[in-house]
Amino acid sequence: MRRVALLGVGRWGEKLLRLLEAKGALAKVWTRTPANYPGLMASYAHVPWTANLEEVWNDPSLTAVCIATPAATHPQLIRQALEAGKDVFCEKPLAFSASELKALIALAEKRGLILMGGHVLHYHPAVLLIQSWIKAGKLGRLLGLWSERASFGRFPLQEDALWGLAIHDLGLFYFLLESEPVSSEIRAERHWGQAWESVRIALRFSWGAEGHIFASWIAPERRRRLSVIGSEGMLTFSEEGEKPTLVYYPIRTVWQKGWVATPALEGQEVLPLPAVEPLAAEIEDFLQALDTRQPPRTEAKALLPAVALAEHLARQLQPSPLNYFVHPTALIDEEVEIGEGTKIWHFSHVLRGSRIGKNCVLGQNVVVGPYVRVGDNCKIQNNVSLYYGVELEDGVLCGPSCVFTNDKYPRAFIERRNEFLPTRVRQGATIGANATIMCGVTIGRFAMVGAGSVVVHDVPDFALVLGNPARLVGWVCRCGETLQECEADTLYYCSRCNLHYRRTLKGLEEVPLQKG
């Protein structure tokens with residue numbers, strides 16, 4: 001059934017043109033300048049060609065499009081196609097940020113449309129065999145993946161080495177491992193323009209395996225190679241010869257001097273691969289999805305982790321106009337605001353919609369969000385999580401491993417998001433290490449919660465509370481010093497600051513100094 005319009009007939013678009021026509025699906029071809037392709041127009045003269053994109057959007061007989069235009073145009077064309085009610089196949093990348101791709105996915109779901117990305121290696125028989133071996137544990141404990149993807153590009157580059165080359169391998173690693181890395185770092189270089197010509201990416205996964213990707217547009221020879229390293233064997237997939245090859249290298253244990261175990265290669269085996277054209281299999285999957293309305297293998301949702309990771313890596317390469325610091329292992333979601341002078345350290349995660357003020361410090365393994373507000377000059381030490389509903393005013397100190405909650409009656413099997421209770425920590429308050437703050441309470445201005453305490457009720461301004469449950473044991477100055485009682489339960493004095501405080505319904509308040 002001829003129902004697909006092809007947008008773009010460059011190097012990759014020409015391949016799609018051939019396959020769509022072979023499958024009897026091609027109904028129209030769009031390109032900005034059809035006159036530049038007289039040979040193709042002659043070969044496919046029976047197919048209508050147009051330079052008017054509105055013809056595609058307004059033609060109800062065209063129910064789907066395949067997009068093979070320059071990468072920078074992809075997000076806009078995808079959106080226009082979805083808004084016109086077309087199913088979409090688009091070559092990588094679908095978008096250049098996770099938030100942009102999420103918006104496109106939401107639009108496709110709202111319209112009940114297919115949105116599929118072009119990651120042809122997900123359809124390669126060698127990759128599918130590697131995936132099956134990993135799942136079956138045939139390689140033993142997985143130690144790492146090494147990928148090399150390089151050639152001499154067409155200058156000036158339309159895509160840098162990250163989005164033009166390495167994005168293949170980022171998607172491939174996730175496809176094979178079904179796991180996202182816990183840390184990622186990138187180094188890049190450029191010599192002949194503004195685009196990054198080479199990138200080196202290092203990934204680390206939760207069980208200790210590492211991933212290494214080298215991608216370059218300035219290599220004199222074409223290199224396409226993936227190695228998967230296991231404790232009991234290795235696989236190397238190469239596309240560098242006349243035909244792709246997949247070679248298995250078994251590993252045996254050799255005992256040196258009878259007691260030192262060392263690995264040794266035990267020959268090699270070239271594994272047979274079926275004669276499948278990966279791109280043809282990919283297009284067939286798209287066409288089947290049009291008929292069955294079932295998600296294809298490379299639906300946009302499946303590619304979201306790779307796009308998010310590429311965005312994170314790209315952010316590391318930006319010459320930081322940022323007036324705050326984020327460690328390379330930290331993760332900052334979209335729609336986050338971070339104030340000037342703030343520092344966010346190792347393995348921390350700021351979730352969507354959160355807002356962090358100026359000159360804050362977030363230590364190691366801090367989680368903030370979603371939609372959490374942190375004031376200026378706050379210090380959040382290691383292993384603290386600020387969940388939805390928590391708000392810190394200016395100058396709050398959260399000691400190491402203190403705990404906030406947002407569900408008063410938590411159950412793993414009961415969803416109570418609409419019942420989360422807000423927790424407010426007011427200006428200058430200090431929460432000691434390992435303290436637990438039950439949800440729904442307010443900790444007053446410059447109050448101090450002792451280490452290990454469990455707070456179940458509101459804490460007054462300038463109060464010192466200790467224990468489980470936390471109880472009032474005294475009062476503190478804004479400097480943190482314990483106050484001395486001058487008049488019974490009425491007037492208090494700080495020997496360090498020479499400040500006086502008086503009792504109020506909210507706790508304490510400073511007594512203004514009197515002149516003379």
# chains A, B, ... in the order shown; residues from 1 in each chain; ligands from 1

$ residues_around --residues "region 473-484 of chain A" --least-positions-apart "3" --cutoff "7 Å" --atoms "only C-alpha atoms" --output "ChimeraX atom specification"
/A:446,462-466,492-494

$ residues_around --residues "Leu491 (chain A)" --least-positions-apart "3" --cutoff "10 Å" --atoms "only C-alpha atoms" --output "ChimeraX atom specification"
/A:483-488,500-503,508-511

$ atom_distance --atom1 "CA of Arg149 (chain A)" --atom2 "CA of Trp196 (chain A)"
14.3 Å

$ residues_around --residues "region 300-306 of chain A" --least-positions-apart "2" --cutoff "12 Å" --atoms "only C-alpha atoms" --output "JSON, numbers by chain"
{"A": [78, 87, 88, 89, 90, 91, 92, 93, 94, 95, 96, 97, 98, 99, 100, 101, 102, 103, 104, 105, 106, 107, 108, 109, 113, 114, 115, 116, 117, 118, 119, 122, 162, 163, 166, 167, 168, 169, 170, 171, 172, 173, 174, 175, 178, 179, 180, 181, 295, 296, 297, 298, 308, 309, 310, 311, 312, 313]}

$ select_by_dssp --residues "region 297-465 of chain A" --states "helix (DSSP H, G or I)" --output "ChimeraX atom specification"
/A:300-317,417-419

$ write_last_selection --atoms "all heavy atoms" --output "short mmCIF file (atom, residue, chain, number, x, y, z; two decimals), in the first residue's frame"
data_model
loop_
_atom_site.label_atom_id
_atom_site.label_comp_id
_atom_site.auth_asym_id
_atom_site.auth_seq_id
_atom_site.Cartn_x
_atom_site.Cartn_y
_atom_site.Cartn_z
N ALA A 300 10.27 5.74 19.98
CA ALA A 300 10.96 6.89 20.57
C ALA A 300 11.23 6.70 22.06
O ALA A 300 12.28 7.10 22.56
CB ALA A 300 10.14 8.16 20.33
N LYS A 301 10.30 6.06 22.78
CA LYS A 301 10.50 5.84 24.22
C LYS A 301 11.76 5.04 24.49
O LYS A 301 12.48 5.30 25.46
CB LYS A 301 9.29 5.12 24.81
CG LYS A 301 8.12 5.99 25.15
CD LYS A 301 7.06 5.17 25.85
CE LYS A 301 5.87 6.03 26.26
NZ LYS A 301 4.82 5.22 26.92
N ALA A 302 12.03 4.05 23.63
CA ALA A 302 13.20 3.21 23.84
C ALA A 302 14.50 3.97 23.60
O ALA A 302 15.55 3.56 24.10
CB ALA A 302 13.13 1.99 22.91
N LEU A 303 14.44 5.06 22.86
CA LEU A 303 15.64 5.83 22.54
C LEU A 303 15.84 7.01 23.48
O LEU A 303 16.88 7.68 23.42
CB LEU A 303 15.55 6.34 21.10
CG LEU A 303 15.30 5.27 20.03
CD1 LEU A 303 15.18 5.91 18.66
CD2 LEU A 303 16.39 4.21 20.04
N LEU A 304 14.89 7.26 24.35
CA LEU A 304 14.98 8.40 25.25
C LEU A 304 16.21 8.37 26.16
O LEU A 304 16.87 9.40 26.34
CB LEU A 304 13.69 8.50 26.08
CG LEU A 304 13.56 9.70 27.02
CD1 LEU A 304 13.70 11.01 26.27
CD2 LEU A 304 12.22 9.64 27.76
N PRO A 305 16.58 7.21 26.76
CA PRO A 305 17.77 7.21 27.61
C PRO A 305 19.04 7.61 26.87
O PRO A 305 19.89 8.31 27.43
CB PRO A 305 17.85 5.76 28.10
CG PRO A 305 16.45 5.25 28.02
CD PRO A 305 15.87 5.91 26.81
N ALA A 306 19.18 7.20 25.61
CA ALA A 306 20.38 7.57 24.84
C ALA A 306 20.41 9.06 24.57
O ALA A 306 21.47 9.70 24.64
CB ALA A 306 20.42 6.77 23.53
N VAL A 307 19.27 9.65 24.24
CA VAL A 307 19.21 11.09 24.00
C VAL A 307 19.51 11.85 25.28
O VAL A 307 20.25 12.85 25.27
CB VAL A 307 17.84 11.48 23.42
CG1 VAL A 307 17.69 13.00 23.36
CG2 VAL A 307 17.64 10.88 22.04
N ALA A 308 18.96 11.40 26.40
CA ALA A 308 19.22 12.06 27.68
C ALA A 308 20.70 12.00 28.03
O ALA A 308 21.29 12.98 28.51
CB ALA A 308 18.38 11.43 28.78
N LEU A 309 21.34 10.85 27.79
CA LEU A 309 22.76 10.71 28.08
C LEU A 309 23.60 11.58 27.15
O LEU A 309 24.56 12.23 27.58
CB LEU A 309 23.18 9.24 27.96
CG LEU A 309 24.65 8.93 28.23
CD1 LEU A 309 25.09 9.46 29.59
CD2 LEU A 309 24.89 7.42 28.13
N ALA A 310 23.25 11.61 25.86
CA ALA A 310 23.97 12.47 24.92
C ALA A 310 23.85 13.94 25.31
O ALA A 310 24.81 14.72 25.21
CB ALA A 310 23.45 12.24 23.50
N GLU A 311 22.65 14.33 25.75
CA GLU A 311 22.46 15.71 26.21
C GLU A 311 23.34 16.01 27.41
O GLU A 311 23.96 17.08 27.50
CB GLU A 311 20.99 15.94 26.56
CG GLU A 311 20.70 17.35 27.05
CD GLU A 311 19.29 17.51 27.60
OE1 GLU A 311 18.60 16.48 27.78
OE2 GLU A 311 18.89 18.66 27.86
N HIS A 312 23.41 15.07 28.34
CA HIS A 312 24.26 15.24 29.53
C HIS A 312 25.73 15.38 29.13
O HIS A 312 26.45 16.23 29.67
CB HIS A 312 24.06 14.04 30.45
CG HIS A 312 24.92 14.07 31.69
ND1 HIS A 312 24.74 15.01 32.68
CD2 HIS A 312 25.94 13.29 32.08
CE1 HIS A 312 25.63 14.80 33.64
NE2 HIS A 312 26.36 13.76 33.30
N LEU A 313 26.17 14.56 28.19
CA LEU A 313 27.55 14.64 27.73
C LEU A 313 27.81 15.95 26.98
O LEU A 313 28.86 16.57 27.14
CB LEU A 313 27.86 13.44 26.82
CG LEU A 313 27.86 12.07 27.52
CD1 LEU A 313 27.88 10.95 26.49
CD2 LEU A 313 29.05 11.94 28.46
N ALA A 314 26.85 16.35 26.16
CA ALA A 314 27.00 17.61 25.42
C ALA A 314 27.12 18.79 26.36
O ALA A 314 27.86 19.75 26.10
CB ALA A 314 25.82 17.81 24.46
N ARG A 315 26.40 18.72 27.49
CA ARG A 315 26.47 19.80 28.46
C ARG A 315 27.88 19.90 29.05
O ARG A 315 28.36 20.99 29.36
CB ARG A 315 25.44 19.57 29.56
CG ARG A 315 25.26 20.77 30.48
CD ARG A 315 24.27 20.50 31.59
NE ARG A 315 22.92 20.32 31.06
CZ ARG A 315 22.18 19.24 31.24
NH1 ARG A 315 22.67 18.23 31.90
NH2 ARG A 315 20.97 19.15 30.74
N GLN A 316 28.55 18.76 29.20
CA GLN A 316 29.92 18.79 29.71
C GLN A 316 30.87 19.50 28.75
O GLN A 316 31.90 20.04 29.18
CB GLN A 316 30.42 17.36 29.95
CG GLN A 316 29.68 16.61 31.04
CD GLN A 316 30.25 15.21 31.23
OE1 GLN A 316 31.43 14.97 31.04
NE2 GLN A 316 29.39 14.27 31.62
N LEU A 317 30.55 19.48 27.46
CA LEU A 317 31.43 20.07 26.46
C LEU A 317 31.19 21.56 26.26
O LEU A 317 31.98 22.22 25.60
CB LEU A 317 31.24 19.36 25.12
CG LEU A 317 31.67 17.89 25.07
CD1 LEU A 317 31.34 17.30 23.71
CD2 LEU A 317 33.15 17.75 25.36
N ARG A 417 0.34 9.93 45.94
CA ARG A 417 0.99 11.18 45.52
C ARG A 417 0.14 12.40 45.82
O ARG A 417 0.67 13.48 46.08
CB ARG A 417 1.32 11.11 44.03
CG ARG A 417 2.42 10.13 43.68
CD ARG A 417 2.75 10.18 42.20
NE ARG A 417 3.79 9.21 41.87
CZ ARG A 417 5.09 9.46 41.94
NH1 ARG A 417 5.50 10.65 42.33
NH2 ARG A 417 5.98 8.54 41.63
N ASN A 418 -1.16 12.25 45.76
CA ASN A 418 -2.03 13.41 46.00
C ASN A 418 -2.20 13.68 47.50
O ASN A 418 -2.90 14.61 47.89
CB ASN A 418 -3.40 13.20 45.35
CG ASN A 418 -4.11 11.97 45.89
OD1 ASN A 418 -3.49 11.06 46.42
ND2 ASN A 418 -5.43 11.94 45.75
N GLU A 419 -1.56 12.86 48.34
CA GLU A 419 -1.65 13.06 49.79
C GLU A 419 -0.32 13.47 50.41
O GLU A 419 -0.19 13.52 51.64
CB GLU A 419 -2.16 11.78 50.46
CG GLU A 419 -3.54 11.34 49.98
CD GLU A 419 -3.98 10.04 50.64
OE1 GLU A 419 -3.39 9.67 51.67
OE2 GLU A 419 -4.90 9.39 50.10
#

$ residues_around --residues "Ile201 (chain A)" --least-positions-apart "4" --cutoff "7 Å" --atoms "only C-alpha atoms" --output "ChimeraX atom specification"
/A:185-187,212-214

$ select_by_dssp --residues "region 448-499 of chain A" --states "strand (DSSP E or B)" --output "PyMOL selection string"
chain A and resi 448-449+454-455+459+461+463-466+471-476+482+484-487+491-494+499

$ atom_distance --atom1 "CA of Asn468 (chain A)" --atom2 "CA of Lys506 (chain A)"
22.0 Å

$ closest_residue --among "A:Ala136, A:Arg411, A:Gly440, A:Gly8" --to "Asn36 (chain A)" --atoms "only C-alpha atoms"
A:Gly8

$ atom_distance --atom1 "CA of Tyr123 (chain A)" --atom2 "CA of Val247 (chain A)"
18.3 Å

$ residues_around --residues "Gly432 (chain A)" --least-positions-apart "3" --cutoff "7 Å" --atoms "only C-alpha atoms" --output "VMD selection string"
chain A and resid 398 to 399 402 435 449 to 452

$ closest_residue --among "A:Ile380, A:Leu421, A:Leu397, A:Leu17" --to "Met448 (chain A)" --atoms "only C-alpha atoms"
A:Leu397

$ closest_residue --among "A:Leu265, A:Ala209, A:Leu62, A:Leu235" --to "Thr253 (chain A)" --atoms "only C-alpha atoms"
A:Leu265

$ decode --residues "region 170-220 of chain A" --atoms "N, CA and C atoms" --output "compact mmCIF listing (two decimals), in the first residue's frame"
# COMPACT_ATOMS: atom_id res chain seq x y z
N LEU A 170 25.77 4.96 22.08
CA LEU A 170 25.04 5.20 23.32
C LEU A 170 23.72 4.45 23.30
N GLY A 171 23.01 4.50 22.17
CA GLY A 171 21.78 3.73 22.03
C GLY A 171 22.03 2.24 22.05
N LEU A 172 23.12 1.82 21.43
CA LEU A 172 23.45 0.40 21.35
C LEU A 172 23.79 -0.17 22.72
N PHE A 173 24.56 0.58 23.52
CA PHE A 173 24.92 0.10 24.86
C PHE A 173 23.66 -0.10 25.71
N TYR A 174 22.73 0.85 25.62
CA TYR A 174 21.50 0.71 26.39
C TYR A 174 20.67 -0.46 25.88
N PHE A 175 20.63 -0.65 24.57
CA PHE A 175 19.89 -1.76 23.97
C PHE A 175 20.45 -3.10 24.45
N LEU A 176 21.77 -3.20 24.53
CA LEU A 176 22.40 -4.46 24.92
C LEU A 176 22.31 -4.71 26.42
N LEU A 177 22.49 -3.68 27.22
CA LEU A 177 22.59 -3.85 28.67
C LEU A 177 21.28 -3.59 29.40
N GLU A 178 20.36 -2.85 28.75
CA GLU A 178 19.10 -2.46 29.37
C GLU A 178 19.35 -1.79 30.71
N SER A 179 20.37 -0.97 30.76
CA SER A 179 20.75 -0.28 31.99
C SER A 179 21.43 1.03 31.63
N GLU A 180 21.19 2.05 32.42
CA GLU A 180 21.84 3.34 32.21
C GLU A 180 23.10 3.42 33.07
N PRO A 181 24.13 4.11 32.61
CA PRO A 181 25.35 4.23 33.40
C PRO A 181 25.14 5.09 34.64
N VAL A 182 25.94 4.82 35.66
CA VAL A 182 25.86 5.64 36.87
C VAL A 182 26.80 6.84 36.78
N SER A 183 27.75 6.80 35.86
CA SER A 183 28.61 7.96 35.64
C SER A 183 29.01 8.01 34.18
N SER A 184 29.30 9.21 33.70
CA SER A 184 29.67 9.39 32.29
C SER A 184 30.58 10.60 32.16
N GLU A 185 31.61 10.46 31.38
CA GLU A 185 32.54 11.56 31.13
C GLU A 185 32.88 11.59 29.64
N ILE A 186 33.20 12.76 29.13
CA ILE A 186 33.51 12.92 27.71
C ILE A 186 34.68 13.86 27.53
N ARG A 187 35.52 13.56 26.56
CA ARG A 187 36.57 14.47 26.10
C ARG A 187 36.40 14.64 24.60
N ALA A 188 36.70 15.81 24.10
CA ALA A 188 36.46 16.08 22.68
C ALA A 188 37.55 16.98 22.13
N GLU A 189 37.67 16.98 20.80
CA GLU A 189 38.64 17.86 20.15
C GLU A 189 38.08 18.33 18.81
N ARG A 190 38.56 19.49 18.38
CA ARG A 190 38.18 20.03 17.08
C ARG A 190 39.34 20.86 16.54
N HIS A 191 39.47 20.82 15.20
CA HIS A 191 40.61 21.49 14.56
C HIS A 191 40.18 22.32 13.35
N TRP A 192 39.10 21.92 12.65
CA TRP A 192 38.73 22.55 11.38
C TRP A 192 37.35 23.22 11.41
N GLY A 193 36.88 23.53 12.57
CA GLY A 193 35.57 24.17 12.64
C GLY A 193 35.04 24.19 14.05
N GLN A 194 33.77 24.53 14.19
CA GLN A 194 33.15 24.64 15.50
C GLN A 194 32.59 23.31 16.00
N ALA A 195 32.38 22.35 15.10
CA ALA A 195 31.82 21.06 15.52
C ALA A 195 32.92 20.18 16.11
N TRP A 196 32.56 19.41 17.13
CA TRP A 196 33.51 18.47 17.72
C TRP A 196 33.78 17.35 16.72
N GLU A 197 35.04 17.18 16.36
CA GLU A 197 35.40 16.20 15.32
C GLU A 197 35.69 14.82 15.90
N SER A 198 36.10 14.76 17.15
CA SER A 198 36.36 13.47 17.81
C SER A 198 35.88 13.56 19.25
N VAL A 199 35.33 12.45 19.74
CA VAL A 199 34.94 12.38 21.15
C VAL A 199 35.38 11.03 21.72
N ARG A 200 35.73 11.06 22.98
CA ARG A 200 36.05 9.85 23.75
C ARG A 200 35.16 9.86 24.98
N ILE A 201 34.37 8.81 25.13
CA ILE A 201 33.36 8.74 26.17
C ILE A 201 33.67 7.56 27.09
N ALA A 202 33.61 7.81 28.39
CA ALA A 202 33.80 6.75 29.39
C ALA A 202 32.54 6.63 30.23
N LEU A 203 32.00 5.43 30.32
CA LEU A 203 30.79 5.15 31.08
C LEU A 203 31.09 4.10 32.15
N ARG A 204 30.38 4.19 33.24
CA ARG A 204 30.52 3.17 34.29
C ARG A 204 29.13 2.74 34.74
N PHE A 205 28.95 1.42 34.86
CA PHE A 205 27.65 0.87 35.21
C PHE A 205 27.65 0.37 36.65
N SER A 206 26.46 0.15 37.17
CA SER A 206 26.29 -0.09 38.61
C SER A 206 27.03 -1.32 39.09
N TRP A 207 27.19 -2.34 38.26
CA TRP A 207 27.85 -3.58 38.71
C TRP A 207 29.36 -3.55 38.45
N GLY A 208 29.88 -2.41 38.00
CA GLY A 208 31.32 -2.27 37.82
C GLY A 208 31.81 -2.33 36.40
N ALA A 209 30.95 -2.73 35.46
CA ALA A 209 31.37 -2.77 34.06
C ALA A 209 31.59 -1.35 33.53
N GLU A 210 32.47 -1.25 32.54
CA GLU A 210 32.77 0.05 31.95
C GLU A 210 32.49 0.02 30.45
N GLY A 211 32.13 1.17 29.92
CA GLY A 211 31.92 1.33 28.49
C GLY A 211 32.83 2.43 27.97
N HIS A 212 33.45 2.19 26.83
CA HIS A 212 34.34 3.18 26.22
C HIS A 212 33.96 3.34 24.75
N ILE A 213 33.77 4.59 24.34
CA ILE A 213 33.38 4.90 22.97
C ILE A 213 34.36 5.89 22.39
N PHE A 214 34.89 5.56 21.23
CA PHE A 214 35.69 6.52 20.46
C PHE A 214 34.97 6.76 19.14
N ALA A 215 34.68 8.01 18.86
CA ALA A 215 33.99 8.37 17.62
C ALA A 215 34.70 9.56 17.00
N SER A 216 34.96 9.49 15.69
CA SER A 216 35.74 10.56 15.06
C SER A 216 35.38 10.73 13.60
N TRP A 217 35.38 12.01 13.17
CA TRP A 217 35.22 12.34 11.76
C TRP A 217 36.57 12.62 11.09
N ILE A 218 37.68 12.41 11.78
CA ILE A 218 38.98 12.74 11.19
C ILE A 218 39.91 11.52 11.19
N ALA A 219 39.34 10.35 11.00
CA ALA A 219 40.15 9.14 10.90
C ALA A 219 40.42 8.83 9.42
N PRO A 220 41.64 8.45 9.06
CA PRO A 220 41.94 8.19 7.64
C PRO A 220 41.30 6.92 7.11
